[in-house]
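Heads up, run.cif below (mmCIF, C-alpha atoms (C1' of nucleotides)):
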```
data_structure
loop_
_atom_site.label_atom_id
_atom_site.label_comp_id
_atom_site.auth_asym_id
_atom_site.auth_seq_id
_atom_site.Cartn_x
_atom_site.Cartn_y
_atom_site.Cartn_z
CA MET A 2 25.00 8.50 10.03
CA LEU A 3 24.32 4.86 10.39
CA LEU A 4 20.98 3.23 10.29
CA PRO A 5 19.76 2.24 13.72
CA GLN A 6 20.19 -1.47 14.30
CA PRO A 7 17.18 -3.68 14.86
CA SER A 8 17.05 -5.39 18.20
CA SER A 9 18.32 -8.91 17.73
CA HIS A 10 15.43 -10.59 19.48
CA GLY A 11 12.03 -9.45 18.36
CA SER A 12 9.26 -10.65 20.58
CA LEU A 13 7.60 -12.04 17.48
CA GLU A 14 8.75 -15.57 17.11
CA LYS A 15 8.42 -15.68 13.33
CA THR A 16 10.87 -12.86 13.04
CA LEU A 17 14.19 -13.82 11.55
CA ASN A 18 17.57 -12.79 12.79
CA ARG A 19 20.10 -12.07 10.10
CA ALA A 20 21.73 -15.46 10.08
CA ASP A 21 18.43 -17.32 9.78
CA TYR A 22 17.22 -14.90 7.15
CA ARG A 23 20.30 -15.59 5.07
CA THR A 24 19.85 -19.32 5.48
CA ILE A 25 16.25 -19.31 4.35
CA GLU A 26 16.95 -16.90 1.55
CA MET A 27 19.72 -19.17 0.35
CA ALA A 28 17.46 -22.20 0.50
CA VAL A 29 14.73 -20.46 -1.45
CA HIS A 30 17.27 -19.25 -3.95
CA ALA A 31 18.69 -22.72 -4.37
CA PHE A 32 15.27 -24.11 -5.09
CA ASP A 33 14.31 -24.80 -8.63
CA GLU A 34 12.08 -27.56 -9.77
CA ARG A 35 14.65 -29.51 -11.69
CA ALA A 36 17.10 -29.51 -8.82
CA TRP A 37 14.26 -30.45 -6.54
CA ARG A 38 13.34 -33.52 -8.55
CA LEU A 39 16.97 -34.45 -8.72
CA SER A 40 18.06 -34.18 -5.11
CA GLY A 41 15.13 -32.95 -3.01
CA GLU A 42 15.53 -31.67 0.51
CA GLU A 43 18.93 -33.23 0.80
CA GLY A 44 20.20 -31.27 -2.14
CA ILE A 45 18.97 -27.93 -0.90
CA ALA A 46 20.30 -28.54 2.59
CA ALA A 47 23.67 -29.31 1.08
CA ARG A 48 23.63 -26.09 -0.91
CA VAL A 49 22.89 -24.18 2.26
CA GLY A 50 25.42 -26.06 4.30
CA LEU A 51 23.07 -27.46 6.94
CA SER A 52 21.71 -30.87 7.75
CA ARG A 53 18.35 -31.70 6.28
CA GLU A 54 16.84 -31.92 9.75
CA HIS A 55 18.20 -28.59 10.84
CA LEU A 56 17.03 -26.76 7.74
CA ASN A 57 13.65 -28.39 7.92
CA SER A 58 13.08 -27.39 11.52
CA LEU A 59 14.05 -23.84 10.70
CA PHE A 60 11.31 -23.75 8.10
CA VAL A 61 8.81 -25.28 10.49
CA GLN A 62 9.61 -22.68 13.08
CA TRP A 63 9.42 -19.85 10.61
CA ALA A 64 6.55 -20.79 8.31
CA GLY A 65 4.80 -23.58 10.14
CA VAL A 66 5.56 -26.17 7.49
CA GLY A 67 8.57 -28.15 6.39
CA LEU A 68 10.75 -27.51 3.40
CA SER A 69 8.88 -29.74 0.99
CA LEU A 70 5.48 -28.29 1.63
CA PHE A 71 6.86 -24.79 1.54
CA MET A 72 8.52 -25.27 -1.81
CA GLN A 73 5.41 -26.92 -3.16
CA GLY A 74 3.57 -23.65 -2.62
CA LEU A 75 6.08 -21.91 -4.86
CA SER A 76 5.82 -24.32 -7.74
CA VAL A 77 4.83 -22.90 -11.09
CA GLN A 78 1.95 -25.30 -11.21
CA HIS A 79 0.53 -24.16 -7.89
CA ILE A 80 0.91 -20.48 -8.70
CA ARG A 81 -0.66 -20.84 -12.10
CA LYS A 82 -3.65 -22.44 -10.49
CA LYS A 83 -4.04 -19.55 -8.10
CA LEU A 84 -3.76 -17.07 -10.96
CA GLU A 85 -6.52 -18.83 -12.81
CA GLU A 86 -8.78 -18.96 -9.80
CA ALA A 87 -8.80 -15.19 -9.64
CA GLY A 88 -7.90 -13.65 -12.94
CA GLU A 89 -8.70 -10.08 -12.03
CA LEU A 90 -9.00 -7.94 -8.96
CA SER A 91 -12.76 -7.98 -9.19
CA ALA A 92 -12.55 -11.53 -7.87
CA PHE A 93 -11.63 -10.00 -4.53
CA SER A 94 -14.19 -7.26 -4.37
CA PRO A 95 -16.17 -6.11 -2.66
CA LEU A 96 -13.13 -5.53 -0.56
CA PRO A 97 -13.78 -6.90 2.90
CA GLU A 98 -12.50 -3.92 4.80
CA ARG A 99 -9.96 -1.50 3.52
CA ARG A 100 -6.81 -2.32 5.39
CA CYS A 101 -4.86 0.61 4.04
CA GLN A 102 -6.05 4.12 3.35
CA VAL A 103 -3.74 5.63 0.79
CA ARG A 104 -3.37 9.38 0.80
CA SER A 105 -1.35 10.96 -1.96
CA LEU A 106 0.56 14.17 -2.27
CA PRO A 107 0.40 15.88 -5.64
CA PHE A 108 3.06 14.64 -7.98
CA GLY A 109 5.25 17.27 -9.52
CA GLN A 110 6.41 18.97 -6.39
CA GLY A 111 9.67 17.45 -7.42
CA LYS A 112 12.54 18.47 -5.24
CA ARG A 113 10.22 20.25 -2.86
CA LEU A 114 8.49 17.07 -1.94
CA GLY A 115 8.14 16.60 1.77
CA ALA A 116 8.69 20.21 2.76
CA GLY A 117 7.36 20.75 6.26
CA LEU A 118 7.11 17.04 6.88
CA ALA A 119 8.64 15.51 10.00
CA ILE A 120 9.49 11.88 9.41
CA THR A 121 10.77 9.40 11.94
CA TYR A 122 12.15 6.09 10.81
CA GLY A 123 13.53 2.95 12.32
CA CYS A 124 14.79 -0.47 11.45
CA TYR A 125 12.88 -3.51 12.66
CA PRO A 126 13.09 -7.27 12.26
CA THR A 127 10.40 -9.02 10.22
CA PRO A 128 9.85 -12.55 8.93
CA PHE A 129 11.47 -11.35 5.71
CA GLY A 130 14.58 -9.72 7.06
CA ASP A 131 15.04 -6.27 8.51
CA CYS A 132 12.80 -3.50 7.29
CA LEU A 133 12.98 0.25 7.35
CA LEU A 134 9.69 1.87 8.33
CA ALA A 135 9.13 5.61 8.14
CA MET A 136 6.22 7.53 9.54
CA THR A 137 5.07 11.13 9.50
CA GLY A 138 4.16 13.16 12.55
CA ALA A 139 0.54 12.46 11.69
CA ARG A 140 1.19 8.72 12.00
CA GLU A 141 1.00 8.03 8.31
CA ILE A 142 3.35 5.40 6.96
CA CYS A 143 5.32 7.07 4.19
CA HIS A 144 7.98 4.47 3.42
CA LEU A 145 8.54 0.79 3.99
CA SER A 146 11.46 -1.07 2.49
CA PHE A 147 13.84 -3.90 3.26
CA VAL A 148 17.38 -3.58 4.38
CA ASP A 149 20.26 -5.57 2.99
CA GLY A 150 23.74 -5.80 4.34
CA GLU A 151 25.00 -4.52 7.63
CA ASP A 152 24.56 -0.78 7.49
CA GLY A 153 21.44 -0.25 5.43
CA LEU A 154 22.74 3.03 4.12
CA SER A 155 21.12 2.60 0.75
CA ALA A 156 17.71 2.10 2.32
CA ARG A 157 18.22 5.26 4.33
CA ALA A 158 19.35 7.13 1.23
CA GLU A 159 16.29 6.01 -0.65
CA LEU A 160 14.06 7.39 2.07
CA GLY A 161 15.84 10.72 1.76
CA GLN A 162 15.35 10.75 -1.99
CA THR A 163 11.67 9.97 -1.65
CA TRP A 164 11.11 12.92 0.69
CA PRO A 165 13.94 15.32 -0.15
CA GLN A 166 12.72 18.24 1.93
CA ALA A 167 11.49 16.39 4.98
CA THR A 168 13.11 16.51 8.37
CA ILE A 169 14.14 12.94 8.96
CA ILE A 170 14.71 11.65 12.46
CA THR A 171 15.82 8.30 13.79
CA ASP A 172 13.70 6.47 16.31
CA ASN A 173 14.24 2.79 16.53
CA ARG A 174 11.60 1.90 19.09
CA GLY A 175 8.48 3.82 18.25
CA CYS A 176 6.98 1.34 15.82
CA THR A 177 8.02 -1.99 17.25
CA THR A 178 4.49 -3.08 18.05
CA LEU A 179 3.11 -1.81 14.79
CA VAL A 180 5.69 -3.70 12.75
CA GLU A 181 5.05 -6.85 14.74
CA ARG A 182 1.38 -6.64 13.95
CA ILE A 183 1.88 -5.84 10.29
CA PHE A 184 4.01 -8.92 9.84
CA SER A 185 2.28 -11.20 12.32
CA PRO A 186 0.64 -14.34 10.98
CA ALA A 187 -2.66 -12.83 12.03
CA GLY A 188 -1.99 -10.01 9.61
CA THR A 189 -3.41 -6.53 9.63
CA GLU A 190 -7.03 -7.59 9.63
CA SER A 191 -7.30 -6.96 13.33
CA LEU A 192 -5.78 -3.51 13.08
CA GLN A 193 -7.42 -0.21 12.52
CA PRO A 194 -6.99 0.65 8.84
CA LEU A 195 -3.45 1.85 8.34
CA ARG A 196 -2.90 5.25 6.82
CA LEU A 197 -0.30 5.53 4.11
CA LEU A 198 1.17 8.63 2.53
CA VAL A 199 2.65 8.35 -0.93
CA SER A 200 3.48 10.47 -3.93
CA GLY A 201 3.40 9.33 -7.51
CA THR A 202 1.94 9.90 -10.95
CA THR A 203 -1.76 9.47 -11.48
CA PHE A 204 -1.16 6.15 -13.11
CA GLN A 205 1.05 4.87 -10.30
CA LEU A 206 -1.46 5.93 -7.68
CA LYS A 207 -4.18 4.08 -9.50
CA VAL A 208 -2.12 0.93 -9.55
CA TRP A 209 -1.04 1.15 -5.92
CA GLN A 210 -4.57 1.84 -4.83
CA ALA A 211 -5.88 -1.10 -6.77
CA LEU A 212 -3.28 -3.42 -5.29
CA CYS A 213 -4.57 -2.81 -1.80
CA VAL A 214 -7.60 -5.02 -2.34
CA LEU A 215 -5.40 -8.07 -2.84
CA PRO A 216 -5.71 -10.13 0.32
CA ARG A 217 -2.92 -12.13 1.83
CA GLY A 218 -2.26 -15.42 0.15
CA ALA A 219 -3.71 -14.17 -3.14
CA MET A 220 -1.82 -13.48 -6.32
CA ILE A 221 -2.49 -11.81 -9.62
CA SER A 222 -0.55 -11.56 -12.86
CA TYR A 223 0.70 -8.29 -14.27
CA GLU A 224 -1.67 -8.80 -17.13
CA GLY A 225 -4.60 -9.50 -14.83
CA LEU A 226 -3.83 -6.37 -12.89
CA ALA A 227 -3.65 -4.33 -16.08
CA ALA A 228 -6.97 -5.72 -17.23
CA SER A 229 -8.51 -4.93 -13.85
CA MET A 230 -7.76 -1.30 -14.47
CA GLY A 231 -9.11 -1.13 -17.94
CA HIS A 232 -5.74 -1.25 -19.70
CA PRO A 233 -5.61 -4.89 -20.76
CA THR A 234 -2.60 -4.38 -22.99
CA ALA A 235 -0.58 -2.27 -20.62
CA CYS A 236 1.03 -4.97 -18.52
CA ARG A 237 4.46 -3.54 -19.16
CA ALA A 238 3.42 -0.10 -17.96
CA VAL A 239 1.61 -1.57 -15.00
CA ALA A 240 4.71 -3.51 -14.06
CA SER A 241 6.72 -0.29 -13.99
CA ALA A 242 4.21 1.27 -11.65
CA VAL A 243 4.18 -1.79 -9.43
CA ALA A 244 7.95 -1.63 -9.32
CA ALA A 245 7.85 1.93 -8.05
CA ASN A 246 5.85 1.03 -4.93
CA PRO A 247 7.22 3.05 -2.01
CA VAL A 248 5.46 1.13 0.76
CA SER A 249 6.43 -2.48 0.35
CA TYR A 250 4.32 -5.26 1.75
CA LEU A 251 1.42 -3.04 2.86
CA ILE A 252 0.91 -2.17 -0.76
CA PRO A 253 1.32 -5.80 -1.71
CA CYS A 254 3.35 -5.55 -4.88
CA HIS A 255 4.90 -8.91 -4.03
CA ARG A 256 1.59 -10.56 -4.90
CA VAL A 257 1.95 -9.65 -8.56
CA VAL A 258 3.71 -12.37 -10.50
CA ARG A 259 4.28 -13.47 -14.06
CA LYS A 260 1.35 -15.06 -15.79
CA SER A 261 3.55 -18.09 -16.44
CA GLY A 262 3.59 -18.80 -12.71
CA GLU A 263 7.22 -17.82 -12.30
CA ILE A 264 8.30 -15.41 -9.61
CA HIS A 265 10.75 -13.09 -11.23
CA HIS A 266 11.73 -9.56 -10.30
CA TYR A 267 11.28 -7.86 -6.98
CA ARG A 268 12.82 -4.61 -5.92
CA TRP A 269 14.17 -6.17 -2.73
CA GLY A 270 15.28 -9.42 -4.34
CA SER A 271 13.29 -12.17 -5.98
CA SER A 272 14.24 -14.56 -3.19
CA ARG A 273 12.56 -12.28 -0.71
CA LYS A 274 9.47 -12.25 -2.90
CA LYS A 275 9.45 -16.03 -2.88
CA MET A 276 9.83 -16.04 0.88
CA MET A 277 6.84 -13.73 1.24
CA LEU A 278 4.58 -15.64 -1.10
CA GLY A 279 5.54 -19.00 0.32
CA TRP A 280 5.10 -17.79 3.87
CA GLU A 281 1.74 -16.21 3.12
CA ALA A 282 0.55 -19.40 1.50
CA CYS A 283 1.41 -21.25 4.70
CA VAL A 284 0.07 -18.94 7.35
CA SER A 285 -3.08 -17.92 5.52
"C1'" DT B 6 15.80 -17.68 -27.03
"C1'" DT B 7 14.43 -13.76 -29.68
"C1'" DG B 8 11.64 -10.14 -31.44
"C1'" DA B 9 7.56 -7.49 -31.64
"C1'" DG B 10 3.64 -5.34 -29.40
"C1'" DT B 11 2.18 -2.23 -25.78
"C1'" DC B 12 2.08 1.91 -22.49
"C1'" DT B 13 4.23 4.97 -18.92
"C1'" DT B 14 8.33 7.58 -17.45
"C1'" DG B 15 12.28 10.30 -17.39
"C1'" DA B 16 15.92 12.22 -20.06
"C1'" DT B 17 17.19 15.14 -23.92
"C1'" DG B 18 16.97 18.58 -27.67
"C1'" DC C 3 6.70 20.15 -27.09
"C1'" DA C 4 8.58 15.82 -29.81
"C1'" DT C 5 11.35 11.99 -29.51
"C1'" DC C 6 13.76 8.12 -27.54
"C1'" DA C 7 15.16 4.45 -24.71
"C1'" DA C 8 14.14 1.47 -21.04
"C1'" DG C 9 11.32 -1.39 -18.19
"C1'" DA C 10 9.31 -6.32 -11.95
"C1'" DC C 11 5.41 -8.34 -19.24
"C1'" DT C 12 3.36 -11.53 -22.71
"C1'" DC C 13 2.98 -14.17 -26.85
"C1'" DA C 14 4.36 -16.20 -30.89
"C1'" DA C 15 8.09 -17.85 -33.78
#
```

Step by step, read the file and then write its structure as structure tokens.
Amino acid sequence: MLLPQPSSHGSLEKTLNRADYRTIEMAVHAFDERAWRLSGEEGIAARVGLSREHLNSLFVQWAGVGLSLFMQGLSVQHIRKKLEEAGELSAFSPLPERRCQVRSLPFGQGKRLGAGLAITYGCYPTPFGDCLLAMTGAREICHLSFVDGEDGLSARAELGQTWPQATIITDNRGCTTLVERIFSPAGTESLQPLRLLVSGTTFQLKVWQALCVLPRGAMISYEGLAASMGHPTACRAVASAVAANPVSYLIPCHRVVRKSGEIHHYRWGSSRKKMMLGWEACVS
DNA sequence: TTGAGTCTTGATG
DNA sequence: CATCAAGACTCAA
């Protein structure tokens, strides 16, 4: 059974269709500081196969700033500065208002996880490509991921593995407005707190919970996050927990980066992570 | 670039 | 249970 297709024209103007997503992803991927110094906008446009003007206007439309400014926000120098400004999560507390309430199901149910749960899911366009959003009958968000390729079967399979015993139903319209708001430049601040449902080890829950205080536009290093939780030497373990985040974006694992200022791994592609962080830096 | 330190997880006996 | 290998890391050679 195929994943439902997102409507090609979201009413949210920042939303990207697949072609534009690929273009921007390619541009972000092509960016590195040495190449930038060497050939600048012209070089990146060439790599993408567009004119400099065309590529630039695409960025303006999507992120509100041109290519140069956007890439500047992703420079190691800029990111390192942000990391130093706020070394630990305590820099962000007291949390303004909890945007996400995370409820957890006991870990260890194993293969019986999700029994009795009715989950509807759909595929929706976002500024970072198509996403798959899943929600329980009680309107708790229990999965949010990004879809690559045409069919999105792997994203659908992952949802099934997360909640093996749940009844999973397709509904491609139900959450259109919600997704628009989640990914709107205004962000979720204006929304009622969103309710999330997740399952993980105690340690993972602690990490995911902690991440929720990170506001948009902010970043923290894996080490800083570890220190925030009283395990200053456990950055490797913390990174594993961050990597297991089942509700992307809302649990903002993309805001955790290397202490060096480099943006490395992301479950849905490091280019997507760069797109998110660059975009958030612009619209925030 | 490489290796060692550090801690959680999941697989294996 | 005990052990082992493998990470979205970091730091020092």

Next item on the list: List the neighbours of segment 7-13 of chain C out to 10 Å using all atoms listed in the file; skip same-chain residues closer than 5 positions along the sequence, and give me the result as a PyMOL selection string.
Entry: (chain A and resi 222-224+234-245+254-255+257-261+264-268+271) or (chain B and resi 9-11+13-16)

Please indicate the distance in Å from atom CA of Gln210 of chain A to atom CA of Ala116 of chain A, rounded to one decimal place.
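The value is 23.9 Å.
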
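One finds atom CA of Leu17 of chain A at 6.7 Å from atom CA of Pro126 of chain A.
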
Which residues, named as in the file, does the PyMOL selection byres ((chain B and resi 17) around 9) pick out? Answer as number ranges by chain. B: 16, 18; C: 5-6

At what distance in Å, to one decimal, does atom CA of Val199 of chain A lie from atom CA of Pro186 of chain A?
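Interatomic distance, atom CA of Pro186 of chain A to atom CA of Val199 of chain A: 25.7 Å.
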
message: Under the PyMOL selection byres ((chain A and resi 15) around 8), which residues of this model are included? Write them out as number ranges by chain.
response: A: 13-14, 16-17, 62-64, 127-128, 185

Give as a PyMOL selection string the set of residues within 12 Å of the point (6.4, -23.4, 4.5), where distances use the file's coordinates and all atoms listed in the file. chain A and resi 15+25+28-29+56-75+275-285

Report the centre and edge lengths, in Å to one decimal, of an axis-aligned box enclosing every atom of segment 3-9 of chain C listed in the file, padded by 4 Å on each side, as AutoDock Vina command-line options.
```
--center_x 10.9 --center_y 9.4 --center_z -24.0 --size_x 16.5 --size_y 29.5 --size_z 19.6
```

*Just so the selection is clear, what residues does the PyMOL selection byres ((chain A and resi 253) around 10) cover here, as a count of residues only?*
21

- Message: Show me, as a PyMOL selection string, the residues that have an atom within 9 Å of Asp172 of chain A when counting all atoms listed in the file, minus same-chain residues fewer than 3 positions from it.
- Response: chain A and resi 5+121-124+175-176

Model the absent atoms of segment 146-157 of chain A so that all heavy atoms are present, and write the result as a PDB file, keeping the file's coordinate frame.
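Generated output (selection_23.pdb):
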```pdb
ATOM      1  N   SER A 146      10.567  -0.360   3.406  1.00  0.00           N
ATOM      2  CA  SER A 146      11.460  -1.070   2.490  1.00  0.00           C
ATOM      3  C   SER A 146      12.240  -2.112   3.272  1.00  0.00           C
ATOM      4  O   SER A 146      12.115  -2.207   4.485  1.00  0.00           O
ATOM      5  CB  SER A 146      12.410  -0.090   1.811  1.00  0.00           C
ATOM      6  OG  SER A 146      13.216   0.545   2.781  1.00  0.00           O
ATOM      7  N   PHE A 147      13.053  -2.874   2.579  1.00  0.00           N
ATOM      8  CA  PHE A 147      13.840  -3.900   3.260  1.00  0.00           C
ATOM      9  C   PHE A 147      15.316  -3.567   3.178  1.00  0.00           C
ATOM     10  O   PHE A 147      15.781  -2.943   2.231  1.00  0.00           O
ATOM     11  CB  PHE A 147      13.527  -5.277   2.686  1.00  0.00           C
ATOM     12  CG  PHE A 147      12.146  -5.726   3.058  1.00  0.00           C
ATOM     13  CD1 PHE A 147      11.066  -5.414   2.249  1.00  0.00           C
ATOM     14  CD2 PHE A 147      11.915  -6.399   4.246  1.00  0.00           C
ATOM     15  CE1 PHE A 147       9.779  -5.789   2.608  1.00  0.00           C
ATOM     16  CE2 PHE A 147      10.634  -6.777   4.618  1.00  0.00           C
ATOM     17  CZ  PHE A 147       9.568  -6.475   3.789  1.00  0.00           C
ATOM     18  N   VAL A 148      16.001  -3.981   4.207  1.00  0.00           N
ATOM     19  CA  VAL A 148      17.380  -3.580   4.380  1.00  0.00           C
ATOM     20  C   VAL A 148      18.313  -4.752   4.110  1.00  0.00           C
ATOM     21  O   VAL A 148      18.141  -5.815   4.688  1.00  0.00           O
ATOM     22  CB  VAL A 148      17.600  -3.092   5.831  1.00  0.00           C
ATOM     23  CG1 VAL A 148      19.054  -2.758   6.070  1.00  0.00           C
ATOM     24  CG2 VAL A 148      16.709  -1.899   6.120  1.00  0.00           C
ATOM     25  N   ASP A 149      19.257  -4.534   3.252  1.00  0.00           N
ATOM     26  CA  ASP A 149      20.260  -5.570   2.990  1.00  0.00           C
ATOM     27  C   ASP A 149      21.598  -5.145   3.556  1.00  0.00           C
ATOM     28  O   ASP A 149      21.883  -3.968   3.685  1.00  0.00           O
ATOM     29  CB  ASP A 149      20.388  -5.814   1.478  1.00  0.00           C
ATOM     30  CG  ASP A 149      19.243  -6.681   0.981  1.00  0.00           C
ATOM     31  OD1 ASP A 149      18.994  -7.714   1.609  1.00  0.00           O
ATOM     32  OD2 ASP A 149      18.610  -6.300  -0.015  1.00  0.00           O
ATOM     33  N   GLY A 150      22.397  -6.113   3.882  1.00  0.00           N
ATOM     34  CA  GLY A 150      23.740  -5.800   4.340  1.00  0.00           C
ATOM     35  C   GLY A 150      23.732  -5.295   5.772  1.00  0.00           C
ATOM     36  O   GLY A 150      22.709  -5.277   6.442  1.00  0.00           O
ATOM     37  N   GLU A 151      24.858  -4.855   6.228  1.00  0.00           N
ATOM     38  CA  GLU A 151      25.000  -4.520   7.630  1.00  0.00           C
ATOM     39  C   GLU A 151      24.551  -3.106   7.965  1.00  0.00           C
ATOM     40  O   GLU A 151      23.983  -2.855   9.006  1.00  0.00           O
ATOM     41  CB  GLU A 151      26.474  -4.689   8.061  1.00  0.00           C
ATOM     42  CG  GLU A 151      26.923  -6.139   8.126  1.00  0.00           C
ATOM     43  CD  GLU A 151      26.060  -6.968   9.079  1.00  0.00           C
ATOM     44  OE1 GLU A 151      25.848  -6.530  10.221  1.00  0.00           O
ATOM     45  OE2 GLU A 151      25.588  -8.044   8.672  1.00  0.00           O
ATOM     46  N   ASP A 152      24.806  -2.167   7.084  1.00  0.00           N
ATOM     47  CA  ASP A 152      24.560  -0.780   7.490  1.00  0.00           C
ATOM     48  C   ASP A 152      23.231  -0.216   7.008  1.00  0.00           C
ATOM     49  O   ASP A 152      22.668   0.655   7.639  1.00  0.00           O
ATOM     50  CB  ASP A 152      25.695   0.122   7.009  1.00  0.00           C
ATOM     51  CG  ASP A 152      25.904  -0.001   5.519  1.00  0.00           C
ATOM     52  OD1 ASP A 152      24.983  -0.476   4.827  1.00  0.00           O
ATOM     53  OD2 ASP A 152      26.976   0.384   5.040  1.00  0.00           O
ATOM     54  N   GLY A 153      22.722  -0.729   5.903  1.00  0.00           N
ATOM     55  CA  GLY A 153      21.440  -0.250   5.430  1.00  0.00           C
ATOM     56  C   GLY A 153      21.468   1.184   4.935  1.00  0.00           C
ATOM     57  O   GLY A 153      20.449   1.856   4.883  1.00  0.00           O
ATOM     58  N   LEU A 154      22.655   1.631   4.546  1.00  0.00           N
ATOM     59  CA  LEU A 154      22.740   3.030   4.120  1.00  0.00           C
ATOM     60  C   LEU A 154      21.927   3.299   2.869  1.00  0.00           C
ATOM     61  O   LEU A 154      21.383   4.381   2.701  1.00  0.00           O
ATOM     62  CB  LEU A 154      24.206   3.405   3.894  1.00  0.00           C
ATOM     63  CG  LEU A 154      24.996   3.601   5.176  1.00  0.00           C
ATOM     64  CD1 LEU A 154      26.434   3.983   4.869  1.00  0.00           C
ATOM     65  CD2 LEU A 154      24.334   4.668   6.032  1.00  0.00           C
ATOM     66  N   SER A 155      21.843   2.340   1.992  1.00  0.00           N
ATOM     67  CA  SER A 155      21.120   2.600   0.750  1.00  0.00           C
ATOM     68  C   SER A 155      19.626   2.739   1.021  1.00  0.00           C
ATOM     69  O   SER A 155      18.946   3.533   0.383  1.00  0.00           O
ATOM     70  CB  SER A 155      21.389   1.499  -0.270  1.00  0.00           C
ATOM     71  OG  SER A 155      20.910   0.263   0.206  1.00  0.00           O
ATOM     72  N   ALA A 156      19.127   1.966   1.981  1.00  0.00           N
ATOM     73  CA  ALA A 156      17.710   2.100   2.320  1.00  0.00           C
ATOM     74  C   ALA A 156      17.441   3.484   2.906  1.00  0.00           C
ATOM     75  O   ALA A 156      16.438   4.127   2.594  1.00  0.00           O
ATOM     76  CB  ALA A 156      17.301   1.021   3.319  1.00  0.00           C
ATOM     77  N   ARG A 157      18.354   3.934   3.735  1.00  0.00           N
ATOM     78  CA  ARG A 157      18.220   5.260   4.330  1.00  0.00           C
ATOM     79  C   ARG A 157      18.310   6.346   3.246  1.00  0.00           C
ATOM     80  O   ARG A 157      17.564   7.328   3.264  1.00  0.00           O
ATOM     81  CB  ARG A 157      19.307   5.462   5.383  1.00  0.00           C
ATOM     82  CG  ARG A 157      19.467   6.878   5.914  1.00  0.00           C
ATOM     83  CD  ARG A 157      18.209   7.328   6.641  1.00  0.00           C
ATOM     84  NE  ARG A 157      18.356   8.702   7.134  1.00  0.00           N
ATOM     85  CZ  ARG A 157      18.179   9.777   6.384  1.00  0.00           C
ATOM     86  NH1 ARG A 157      17.870   9.636   5.106  1.00  0.00           N
ATOM     87  NH2 ARG A 157      18.297  10.989   6.901  1.00  0.00           N
TER      88      ARG A 157
END
```
